[in-house]
>>> print(open('start-v9.pdb').read())   # PDB, C-alpha atoms and all ligand atoms
ATOM      1  CA  MET A   1     -18.654  77.118  24.024  1.00  0.00           C
ATOM      2  CA  THR A   2     -20.840  74.218  22.974  1.00  0.00           C
ATOM      3  CA  GLY A   3     -21.751  71.103  24.910  1.00  0.00           C
ATOM      4  CA  SER A   4     -22.173  70.531  28.594  1.00  0.00           C
ATOM      5  CA  VAL A   5     -19.638  71.310  31.245  1.00  0.00           C
ATOM      6  CA  TRP A   6     -19.290  69.711  34.670  1.00  0.00           C
ATOM      7  CA  GLN A   7     -20.846  71.334  37.699  1.00  0.00           C
ATOM      8  CA  PRO A   8     -18.737  71.334  40.907  1.00  0.00           C
ATOM      9  CA  GLY A   9     -20.728  68.644  42.743  1.00  0.00           C
ATOM     10  CA  GLU A  10     -20.702  66.359  39.712  1.00  0.00           C
ATOM     11  CA  LEU A  11     -16.975  66.897  39.312  1.00  0.00           C
ATOM     12  CA  LEU A  12     -16.056  65.647  42.751  1.00  0.00           C
ATOM     13  CA  ARG A  13     -18.246  62.564  42.252  1.00  0.00           C
ATOM     14  CA  LEU A  14     -16.610  61.902  38.873  1.00  0.00           C
ATOM     15  CA  PHE A  15     -13.113  62.085  40.367  1.00  0.00           C
ATOM     16  CA  GLU A  16     -14.087  59.883  43.301  1.00  0.00           C
ATOM     17  CA  GLN A  17     -15.954  57.287  41.235  1.00  0.00           C
ATOM     18  CA  SER A  18     -13.059  56.958  38.781  1.00  0.00           C
ATOM     19  CA  GLY A  19     -10.545  56.606  41.633  1.00  0.00           C
ATOM     20  CA  ALA A  20      -8.750  59.812  40.636  1.00  0.00           C
ATOM     21  CA  VAL A  21      -9.500  61.154  44.124  1.00  0.00           C
ATOM     22  CA  SER A  22      -9.350  58.591  46.900  1.00  0.00           C
ATOM     23  CA  ARG A  23      -9.641  59.128  50.632  1.00  0.00           C
ATOM     24  CA  GLY A  24      -7.854  57.221  53.342  1.00  0.00           C
ATOM     25  CA  HIS A  25      -4.328  57.337  54.698  1.00  0.00           C
ATOM     26  CA  PHE A  26      -1.473  57.670  52.240  1.00  0.00           C
ATOM     27  CA  ALA A  27       2.297  57.983  52.376  1.00  0.00           C
ATOM     28  CA  LEU A  28       3.194  60.227  49.444  1.00  0.00           C
ATOM     29  CA  SER A  29       6.474  60.025  47.532  1.00  0.00           C
ATOM     30  CA  SER A  30       7.357  63.390  49.088  1.00  0.00           C
ATOM     31  CA  GLY A  31       7.440  61.647  52.483  1.00  0.00           C
ATOM     32  CA  LEU A  32       4.339  63.438  53.751  1.00  0.00           C
ATOM     33  CA  HIS A  33       1.275  61.555  54.913  1.00  0.00           C
ATOM     34  CA  SER A  34      -2.090  62.678  53.577  1.00  0.00           C
ATOM     35  CA  ASP A  35      -5.798  61.886  53.872  1.00  0.00           C
ATOM     36  CA  VAL A  36      -6.373  62.194  50.108  1.00  0.00           C
ATOM     37  CA  TYR A  37      -4.570  60.764  47.081  1.00  0.00           C
ATOM     38  CA  VAL A  38      -5.004  62.298  43.629  1.00  0.00           C
ATOM     39  CA  GLN A  39      -4.224  60.462  40.371  1.00  0.00           C
ATOM     40  CA  CYS A  40      -5.835  62.279  37.430  1.00  0.00           C
ATOM     41  CA  ALA A  41      -4.810  59.569  34.948  1.00  0.00           C
ATOM     42  CA  LEU A  42      -7.618  57.443  36.396  1.00  0.00           C
ATOM     43  CA  VAL A  43     -10.286  59.861  35.180  1.00  0.00           C
ATOM     44  CA  LEU A  44      -8.430  60.952  32.024  1.00  0.00           C
ATOM     45  CA  GLN A  45      -8.134  57.323  30.866  1.00  0.00           C
ATOM     46  CA  HIS A  46     -11.778  57.705  29.804  1.00  0.00           C
ATOM     47  CA  PRO A  47     -11.707  59.842  26.638  1.00  0.00           C
ATOM     48  CA  GLN A  48     -15.283  61.043  27.039  1.00  0.00           C
ATOM     49  CA  HIS A  49     -14.476  62.329  30.551  1.00  0.00           C
ATOM     50  CA  ALA A  50     -11.201  63.859  29.365  1.00  0.00           C
ATOM     51  CA  GLU A  51     -12.978  65.699  26.570  1.00  0.00           C
ATOM     52  CA  ARG A  52     -15.687  67.069  28.852  1.00  0.00           C
ATOM     53  CA  LEU A  53     -13.159  68.059  31.526  1.00  0.00           C
ATOM     54  CA  GLY A  54     -11.162  69.890  28.875  1.00  0.00           C
ATOM     55  CA  ARG A  55     -14.294  71.701  27.764  1.00  0.00           C
ATOM     56  CA  SER A  56     -15.164  72.592  31.362  1.00  0.00           C
ATOM     57  CA  LEU A  57     -11.700  74.000  32.055  1.00  0.00           C
ATOM     58  CA  ALA A  58     -11.619  75.866  28.733  1.00  0.00           C
ATOM     59  CA  ALA A  59     -14.933  77.528  29.676  1.00  0.00           C
ATOM     60  CA  ARG A  60     -13.168  79.232  32.597  1.00  0.00           C
ATOM     61  CA  PHE A  61     -11.121  81.246  30.083  1.00  0.00           C
ATOM     62  CA  GLU A  62     -13.908  82.363  27.771  1.00  0.00           C
ATOM     63  CA  GLY A  63     -12.974  86.013  28.145  1.00  0.00           C
ATOM     64  CA  THR A  64      -9.281  85.452  27.429  1.00  0.00           C
ATOM     65  CA  ALA A  65      -7.760  85.403  23.943  1.00  0.00           C
ATOM     66  CA  ILE A  66      -5.653  82.242  23.659  1.00  0.00           C
ATOM     67  CA  ASP A  67      -3.567  81.094  20.678  1.00  0.00           C
ATOM     68  CA  CYS A  68      -2.005  77.962  22.105  1.00  0.00           C
ATOM     69  CA  VAL A  69      -2.118  75.629  25.124  1.00  0.00           C
ATOM     70  CA  ALA A  70       1.146  74.449  26.665  1.00  0.00           C
ATOM     71  CA  SER A  71       1.545  71.780  29.344  1.00  0.00           C
ATOM     72  CA  PRO A  72       4.328  70.206  31.358  1.00  0.00           C
ATOM     73  CA  ALA A  73       4.841  66.524  30.480  1.00  0.00           C
ATOM     74  CA  LEU A  74       3.630  63.998  31.378  1.00  0.00           C
ATOM     75  CA  GLY A  75       0.752  64.864  33.672  1.00  0.00           C
ATOM     76  CA  GLY A  76      -0.419  67.916  31.763  1.00  0.00           C
ATOM     77  CA  ILE A  77      -0.397  66.541  28.222  1.00  0.00           C
ATOM     78  CA  LEU A  78      -3.819  64.881  28.067  1.00  0.00           C
ATOM     79  CA  VAL A  79      -5.719  67.664  29.776  1.00  0.00           C
ATOM     80  CA  GLY A  80      -3.843  70.319  27.793  1.00  0.00           C
ATOM     81  CA  HIS A  81      -4.769  68.537  24.581  1.00  0.00           C
ATOM     82  CA  GLU A  82      -8.462  68.456  25.541  1.00  0.00           C
ATOM     83  CA  VAL A  83      -8.516  72.112  26.605  1.00  0.00           C
ATOM     84  CA  ALA A  84      -6.890  72.994  23.264  1.00  0.00           C
ATOM     85  CA  ARG A  85      -9.501  70.919  21.436  1.00  0.00           C
ATOM     86  CA  ALA A  86     -12.269  72.908  23.159  1.00  0.00           C
ATOM     87  CA  LEU A  87     -10.569  76.206  22.302  1.00  0.00           C
ATOM     88  CA  SER A  88      -9.752  75.124  18.712  1.00  0.00           C
ATOM     89  CA  VAL A  89      -6.086  75.970  19.184  1.00  0.00           C
ATOM     90  CA  ARG A  90      -2.972  73.782  19.136  1.00  0.00           C
ATOM     91  CA  ALA A  91      -1.512  71.978  22.161  1.00  0.00           C
ATOM     92  CA  ILE A  92       2.206  71.725  22.836  1.00  0.00           C
ATOM     93  CA  PHE A  93       4.140  70.396  25.815  1.00  0.00           C
ATOM     94  CA  ALA A  94       7.399  70.980  27.613  1.00  0.00           C
ATOM     95  CA  GLU A  95       9.431  68.039  28.836  1.00  0.00           C
ATOM     96  CA  ARG A  96      12.467  67.629  31.036  1.00  0.00           C
ATOM     97  CA  ASP A  97      15.866  67.467  29.367  1.00  0.00           C
ATOM     98  CA  ALA A  98      18.867  65.575  30.751  1.00  0.00           C
ATOM     99  CA  SER A  99      19.548  68.364  33.235  1.00  0.00           C
ATOM    100  CA  GLY A 100      15.961  68.297  34.484  1.00  0.00           C
ATOM    101  CA  HIS A 101      14.817  71.582  32.902  1.00  0.00           C
ATOM    102  CA  LEU A 102      11.423  71.812  31.209  1.00  0.00           C
ATOM    103  CA  THR A 103      12.085  72.612  27.549  1.00  0.00           C
ATOM    104  CA  LEU A 104      10.177  72.725  24.275  1.00  0.00           C
ATOM    105  CA  ARG A 105      11.477  69.917  22.058  1.00  0.00           C
ATOM    106  CA  ARG A 106      10.160  67.959  19.051  1.00  0.00           C
ATOM    107  CA  GLY A 107      10.186  71.101  16.909  1.00  0.00           C
ATOM    108  CA  PHE A 108       7.569  72.934  19.010  1.00  0.00           C
ATOM    109  CA  THR A 109       7.974  76.689  18.506  1.00  0.00           C
ATOM    110  CA  LEU A 110       6.071  79.844  19.451  1.00  0.00           C
ATOM    111  CA  THR A 111       5.714  82.968  17.387  1.00  0.00           C
ATOM    112  CA  PRO A 112       6.661  86.204  19.206  1.00  0.00           C
ATOM    113  CA  GLY A 113       3.800  87.378  21.399  1.00  0.00           C
ATOM    114  CA  GLU A 114       1.754  84.211  20.944  1.00  0.00           C
ATOM    115  CA  ARG A 115      -0.830  84.068  23.771  1.00  0.00           C
ATOM    116  CA  VAL A 116      -0.422  80.860  25.716  1.00  0.00           C
ATOM    117  CA  LEU A 117      -2.565  79.139  28.342  1.00  0.00           C
ATOM    118  CA  VAL A 118      -0.528  76.782  30.548  1.00  0.00           C
ATOM    119  CA  VAL A 119      -2.544  73.719  31.614  1.00  0.00           C
ATOM    120  CA  GLU A 120      -1.682  71.013  34.119  1.00  0.00           C
ATOM    121  CA  ASP A 121      -3.609  68.207  35.820  1.00  0.00           C
ATOM    122  CA  VAL A 122      -2.934  68.975  39.507  1.00  0.00           C
ATOM    123  CA  TRP A 123      -1.434  71.896  41.371  1.00  0.00           C
ATOM    124  CA  THR A 124       0.249  70.968  44.619  1.00  0.00           C
ATOM    125  CA  THR A 125       2.766  73.800  44.699  1.00  0.00           C
ATOM    126  CA  GLY A 126       2.285  74.930  41.085  1.00  0.00           C
ATOM    127  CA  GLY A 127       6.012  74.490  40.543  1.00  0.00           C
ATOM    128  CA  SER A 128       5.781  72.763  37.147  1.00  0.00           C
ATOM    129  CA  THR A 129       3.279  75.333  35.901  1.00  0.00           C
ATOM    130  CA  GLU A 130       5.539  78.186  36.993  1.00  0.00           C
ATOM    131  CA  GLU A 131       8.481  76.482  35.311  1.00  0.00           C
ATOM    132  CA  THR A 132       6.455  76.031  32.120  1.00  0.00           C
ATOM    133  CA  ILE A 133       5.497  79.725  32.227  1.00  0.00           C
ATOM    134  CA  ALA A 134       9.211  80.600  32.320  1.00  0.00           C
ATOM    135  CA  THR A 135       9.961  78.190  29.464  1.00  0.00           C
ATOM    136  CA  ILE A 136       7.233  79.742  27.298  1.00  0.00           C
ATOM    137  CA  ALA A 137       8.512  83.233  28.042  1.00  0.00           C
ATOM    138  CA  ASP A 138      12.025  82.139  26.997  1.00  0.00           C
ATOM    139  CA  GLY A 139      10.492  80.838  23.763  1.00  0.00           C
ATOM    140  CA  ASP A 140       8.907  84.180  22.822  1.00  0.00           C
ATOM    141  CA  GLY A 141       5.384  83.241  23.948  1.00  0.00           C
ATOM    142  CA  ARG A 142       3.306  85.274  26.366  1.00  0.00           C
ATOM    143  CA  VAL A 143       1.505  83.296  29.069  1.00  0.00           C
ATOM    144  CA  VAL A 144      -1.893  84.906  29.662  1.00  0.00           C
ATOM    145  CA  ALA A 145      -3.313  82.435  32.222  1.00  0.00           C
ATOM    146  CA  ALA A 146      -2.933  79.007  33.793  1.00  0.00           C
ATOM    147  CA  GLY A 147      -5.441  76.237  34.482  1.00  0.00           C
ATOM    148  CA  ALA A 148      -5.590  72.869  36.220  1.00  0.00           C
ATOM    149  CA  LEU A 149      -8.180  70.222  36.896  1.00  0.00           C
ATOM    150  CA  ILE A 150      -7.429  70.142  40.625  1.00  0.00           C
ATOM    151  CA  ASP A 151      -5.887  72.639  43.011  1.00  0.00           C
ATOM    152  CA  ARG A 152      -4.710  70.771  46.095  1.00  0.00           C
ATOM    153  CA  SER A 153      -2.472  73.570  47.312  1.00  0.00           C
ATOM    154  CA  GLY A 154      -4.856  74.476  50.117  1.00  0.00           C
ATOM    155  CA  GLY A 155      -5.004  78.105  49.021  1.00  0.00           C
ATOM    156  CA  ARG A 156      -1.198  78.458  49.013  1.00  0.00           C
ATOM    157  CA  LEU A 157      -0.952  78.696  45.244  1.00  0.00           C
ATOM    158  CA  ASP A 158       0.697  81.907  44.092  1.00  0.00           C
ATOM    159  CA  LEU A 159       1.197  81.851  40.330  1.00  0.00           C
ATOM    160  CA  SER A 160       2.457  84.791  38.309  1.00  0.00           C
ATOM    161  CA  VAL A 161      -0.570  84.744  35.957  1.00  0.00           C
ATOM    162  CA  PRO A 162      -4.369  84.503  36.494  1.00  0.00           C
ATOM    163  CA  ALA A 163      -5.162  80.912  37.489  1.00  0.00           C
ATOM    164  CA  GLU A 164      -8.310  78.772  37.442  1.00  0.00           C
ATOM    165  CA  ALA A 165      -8.802  75.218  38.703  1.00  0.00           C
ATOM    166  CA  LEU A 166     -11.961  73.199  38.134  1.00  0.00           C
ATOM    167  CA  LEU A 167     -11.880  71.709  41.607  1.00  0.00           C
ATOM    168  CA  GLU A 168     -10.263  72.859  44.831  1.00  0.00           C
ATOM    169  CA  LEU A 169      -9.592  70.054  47.291  1.00  0.00           C
ATOM    170  CA  ALA A 170      -8.964  70.667  50.951  1.00  0.00           C
ATOM    171  CA  ILE A 171      -6.325  68.070  51.693  1.00  0.00           C
ATOM    172  CA  LYS A 172      -4.578  67.502  54.982  1.00  0.00           C
ATOM    173  CA  ASN A 173      -0.866  66.744  54.761  1.00  0.00           C
ATOM    174  CA  TYR A 174       1.205  65.691  57.759  1.00  0.00           C
ATOM    175  CA  GLN A 175       4.850  65.104  58.552  1.00  0.00           C
ATOM    176  CA  SER A 176       4.981  61.340  59.102  1.00  0.00           C
ATOM    177  CA  ALA A 177       6.163  61.734  62.726  1.00  0.00           C
ATOM    178  CA  GLU A 178       3.134  63.922  63.458  1.00  0.00           C
ATOM    179  CA  CYS A 179       0.521  62.051  61.422  1.00  0.00           C
ATOM    180  CA  PRO A 180      -2.663  61.602  63.503  1.00  0.00           C
ATOM    181  CA  LEU A 181      -3.721  58.715  61.243  1.00  0.00           C
ATOM    182  CA  CYS A 182      -0.525  56.836  62.195  1.00  0.00           C
ATOM    183  CA  ARG A 183      -0.997  57.765  65.855  1.00  0.00           C
ATOM    184  CA  ALA A 184      -4.449  56.212  65.677  1.00  0.00           C
ATOM    185  CA  GLY A 185      -2.711  52.946  64.745  1.00  0.00           C
ATOM    186  CA  GLY A 186      -3.170  53.103  60.987  1.00  0.00           C
ATOM    187  CA  THR A 187      -0.691  51.992  58.338  1.00  0.00           C
ATOM    188  CA  PRO A 188      -0.560  54.211  55.250  1.00  0.00           C
ATOM    189  CA  ASP A 189      -1.042  53.005  51.687  1.00  0.00           C
ATOM    190  CA  ARG A 190       1.847  53.879  49.395  1.00  0.00           C
ATOM    191  CA  PRO A 191       0.234  54.523  46.017  1.00  0.00           C
ATOM    192  CA  GLY A 192       3.162  56.441  44.501  1.00  0.00           C
ATOM    193  CA  SER A 193       6.609  55.308  43.514  1.00  0.00           C
ATOM    194  CA  ARG A 194       9.687  57.342  42.734  1.00  0.00           C
ATOM    195  CA  GLN A 195       9.478  56.247  39.097  1.00  0.00           C
ATOM    196  CA  LEU A 196       5.899  57.427  38.747  1.00  0.00           C
ATOM    197  CA  ARG A 197       6.192  60.514  40.855  1.00  0.00           C
ATOM    198  CA  SER A 198       4.918  63.548  39.024  1.00  0.00           C
ATOM    199  CA  SER A 199       6.652  66.813  39.688  1.00  0.00           C
ATOM    200  CA  HIS A 200       3.849  69.238  40.279  1.00  0.00           C
TER     201      HIS A 200
HETATM  202 ZN    ZN U   1       0.327  58.492  58.640  1.00  0.00          ZN
END
>>> encode(input="start-v9.pdb", output="structure tokens")
Amino acid sequence: MTGSVWQPGELLRLFEQSGAVSRGHFALSSGLHSDVYVQCALVLQHPQHAERLGRSLAARFEGTAIDCVASPALGGILVGHEVARALSVRAIFAERDASGHLTLRRGFTLTPGERVLVVEDVWTTGGSTEETIATIADGDGRVVAAGALIDRSGGRLDLSVPAEALLELAIKNYQSAECPLCRAGGTPDRPGSRQLRSSH
């Protein structure tokens, strides 16, 4: 692996300075209130950061043979592409069809037994990654591991393959009726919208 990778302390600063991780009081599109909001597009909009983040995440899988990177659209596409660049393999993505299922379209195919790394931007429950793993398995590929820039699951992540995240964020989520930030008189920001909600 050539070039520099991010160290954990630097990473958090990068995400905070770019606005990808912001702290405060937020009403999420899920209805929960939270003290942290994560929007990876704000760091990935800078190609030089995206490239280095991809390299840093790829370095976590140095001991794993990987033929292809696959990501759930939209949130995973950029980071998957950069991880694939670092690994010198191709990057494909799964996207939702009319019935809401993640599928490989656009002529993307996998050869039987192809070793696939599934990459996403953020894990909240890991649901999209798990769904992508199932899609790859249906398409003859073999998922060998999964990676994400940020794990905000609070240690609850339970994926069916070995998983590595660059950054683990301890984030407090509250039911709105029990939110201590509201009880203290605060009004939450609403950074998400239904249209832009990602389905992690
Ligand atoms: Zn609140």
>>> closest_residue(input="start-v9.pdb", among="A:Val38, A:Gly127, A:Leu110, A:Gly185", to="Ala170 of chain A", atoms="all atoms listed in the file")
A:Val38
>>> residues_around(input="start-v9.pdb", residues="segment 174-181 of chain A", least_positions_apart="3", cutoff="6 Å", atoms="only C-alpha atoms", output="list in words")
Leu32, His33, Ala184 and Gly186 of chain A
>>> atom_distance(input="start-v9.pdb", atom1="atom CA of Gln39 of chain A", atom2="atom CA of Leu117 of chain A")
22.3 Å
>>> residues_around(input="start-v9.pdb", residues="Glu16 of chain A", least_positions_apart="2", cutoff="12 Å", atoms="all atoms listed in the file", output="list in words")
Gly9, Glu10, Leu11, Leu12, Arg13, Leu14, Ser18, Gly19, Ala20, Val21, Ser22, Arg23, Val36, Tyr37, Val38, Gln39, Cys40, Leu42, Val43 and Leu169 of chain A
>>> resolve_selection(input="start-v9.pdb", expression="the PyMOL selection byres (((chain A and resi 66-80) around 7) and not hetatm)", output="MDAnalysis selection string")
chainID A and resid 50 54 64:65 81:84 89:95 114:121 128:129 132 198
>>> atom_distance(input="start-v9.pdb", atom1="atom CA of Glu131 of chain A", atom2="atom CA of Leu53 of chain A")
23.5 Å
>>> atom_distance(input="start-v9.pdb", atom1="atom CA of Pro188 of chain A", atom2="atom CA of Gly24 of chain A")
8.1 Å
>>> residues_around(input="start-v9.pdb", residues="Ser56 of chain A", least_positions_apart="4", cutoff="7 Å", atoms="all atoms listed in the file", output="VMD selection string")
chain A and resid 5 to 6 52
>>> closest_residue(input="start-v9.pdb", among="A:Ser99, A:Ser34, A:Thr109, A:Ser160", to="ligand ZN 1 (chain U)", atoms="all atoms listed in the file")
A:Ser34
>>> closest_residue(input="start-v9.pdb", among="A:Arg60, A:Arg105, A:His49, A:Lys172", to="Gly154 of chain A", atoms="only C-alpha atoms")
A:Lys172
>>> closest_residue(input="start-v9.pdb", among="A:Ile171, A:Ala27, A:Leu44, A:Leu157", to="ligand ZN 1 (chain U)", atoms="only C-alpha atoms and all ligand atoms")
A:Ala27
>>> resolve_selection(input="start-v9.pdb", expression="the PyMOL selection byres (((chain A and resi 135) around 10) and not hetatm)", output="list in words")
Ala70, Pro72, Ala94, His101, Leu102, Thr103, Leu104, Thr129, Glu130, Glu131, Thr132, Ile133, Ala134, Ile136, Ala137, Asp138, Gly139, Asp140, Gly141 and Val143 of chain A
>>> write_last_selection(input="start-v9.pdb", atoms="C-alpha atoms", output="PDB file, in the coordinates of the input")
ATOM      1  CA  ALA A  70       1.146  74.449  26.665  1.00  0.00           C
ATOM      2  CA  PRO A  72       4.328  70.206  31.358  1.00  0.00           C
ATOM      3  CA  ALA A  94       7.399  70.980  27.613  1.00  0.00           C
ATOM      4  CA  HIS A 101      14.817  71.582  32.902  1.00  0.00           C
ATOM      5  CA  LEU A 102      11.423  71.812  31.209  1.00  0.00           C
ATOM      6  CA  THR A 103      12.085  72.612  27.549  1.00  0.00           C
ATOM      7  CA  LEU A 104      10.177  72.725  24.275  1.00  0.00           C
ATOM      8  CA  THR A 129       3.279  75.333  35.901  1.00  0.00           C
ATOM      9  CA  GLU A 130       5.539  78.186  36.993  1.00  0.00           C
ATOM     10  CA  GLU A 131       8.481  76.482  35.311  1.00  0.00           C
ATOM     11  CA  THR A 132       6.455  76.031  32.120  1.00  0.00           C
ATOM     12  CA  ILE A 133       5.497  79.725  32.227  1.00  0.00           C
ATOM     13  CA  ALA A 134       9.211  80.600  32.320  1.00  0.00           C
ATOM     14  CA  ILE A 136       7.233  79.742  27.298  1.00  0.00           C
ATOM     15  CA  ALA A 137       8.512  83.233  28.042  1.00  0.00           C
ATOM     16  CA  ASP A 138      12.025  82.139  26.997  1.00  0.00           C
ATOM     17  CA  GLY A 139      10.492  80.838  23.763  1.00  0.00           C
ATOM     18  CA  ASP A 140       8.907  84.180  22.822  1.00  0.00           C
ATOM     19  CA  GLY A 141       5.384  83.241  23.948  1.00  0.00           C
ATOM     20  CA  VAL A 143       1.505  83.296  29.069  1.00  0.00           C
TER      21      VAL A 143
END
>>> closest_residue(input="start-v9.pdb", among="A:Pro8, A:Pro162, A:Asp35, A:Phe15", to="ligand ZN 1 (chain U)", atoms="only C-alpha atoms and all ligand atoms")
A:Asp35
>>> closest_residue(input="start-v9.pdb", among="A:Arg106, A:Arg85, A:Arg183, A:Arg156", to="ligand ZN 1 (chain U)", atoms="all atoms listed in the file")
A:Arg183
>>> decode(input="start-v9.pdb", residues="segment 8-30 of chain A", atoms="N, CA and C atoms", output="tab-separated table (two decimals), in the first residue's frame")
chain	number	residue	atom	x	y	z
A	8	PRO	N	-6.21	7.79	13.46
A	8	PRO	CA	-7.54	8.01	14.05
A	8	PRO	C	-7.82	9.45	14.51
A	9	GLY	N	-6.87	10.08	15.18
A	9	GLY	CA	-7.10	11.45	15.65
A	9	GLY	C	-7.30	12.43	14.52
A	10	GLU	N	-6.49	12.26	13.48
A	10	GLU	CA	-6.59	13.11	12.28
A	10	GLU	C	-7.94	12.92	11.61
A	11	LEU	N	-8.41	11.66	11.60
A	11	LEU	CA	-9.65	11.34	10.92
A	11	LEU	C	-10.83	12.10	11.51
A	12	LEU	N	-10.93	12.06	12.83
A	12	LEU	CA	-12.05	12.73	13.48
A	12	LEU	C	-12.00	14.23	13.17
A	13	ARG	N	-10.81	14.81	13.22
A	13	ARG	CA	-10.68	16.24	12.90
A	13	ARG	C	-11.11	16.52	11.46
A	14	LEU	N	-10.70	15.64	10.55
A	14	LEU	CA	-11.07	15.82	9.13
A	14	LEU	C	-12.59	15.81	8.97
A	15	PHE	N	-13.25	14.83	9.61
A	15	PHE	CA	-14.71	14.74	9.49
A	15	PHE	C	-15.39	15.95	10.13
A	16	GLU	N	-14.84	16.42	11.25
A	16	GLU	CA	-15.46	17.56	11.92
A	16	GLU	C	-15.22	18.85	11.13
A	17	GLN	N	-14.00	19.03	10.64
A	17	GLN	CA	-13.68	20.27	9.92
A	17	GLN	C	-14.45	20.38	8.62
A	18	SER	N	-14.73	19.24	7.97
A	18	SER	CA	-15.46	19.27	6.71
A	18	SER	C	-16.98	19.35	6.93
A	19	GLY	N	-17.40	19.21	8.19
A	19	GLY	CA	-18.85	19.22	8.48
A	19	GLY	C	-19.50	17.87	8.33
A	20	ALA	N	-18.71	16.83	8.00
A	20	ALA	CA	-19.29	15.49	7.84
A	20	ALA	C	-19.76	14.93	9.18
A	21	VAL	N	-19.10	15.35	10.26
A	21	VAL	CA	-19.55	15.02	11.61
A	21	VAL	C	-19.81	16.33	12.33
A	22	SER	N	-21.07	16.57	12.70
A	22	SER	CA	-21.35	17.79	13.46
A	22	SER	C	-22.06	17.43	14.76
A	23	ARG	N	-21.77	18.21	15.78
A	23	ARG	CA	-22.31	17.95	17.11
A	23	ARG	C	-23.32	19.03	17.48
A	24	GLY	N	-24.34	18.62	18.18
A	24	GLY	CA	-25.38	19.57	18.57
A	24	GLY	C	-26.60	18.79	19.01
A	25	HIS	N	-27.73	19.12	18.41
A	25	HIS	CA	-29.01	18.52	18.78
A	25	HIS	C	-29.80	18.39	17.49
A	26	PHE	N	-30.03	17.15	17.07
A	26	PHE	CA	-30.59	16.91	15.74
A	26	PHE	C	-31.81	16.01	15.82
A	27	ALA	N	-32.81	16.33	15.01
A	27	ALA	CA	-33.94	15.42	14.81
A	27	ALA	C	-33.67	14.68	13.50
A	28	LEU	N	-33.45	13.39	13.59
A	28	LEU	CA	-33.11	12.59	12.42
A	28	LEU	C	-34.37	12.19	11.67
A	29	SER	N	-34.22	11.80	10.41
A	29	SER	CA	-35.40	11.42	9.62
A	29	SER	C	-36.07	10.17	10.18
A	30	SER	N	-35.33	9.41	10.99
A	30	SER	CA	-35.92	8.23	11.64
A	30	SER	C	-36.88	8.62	12.75
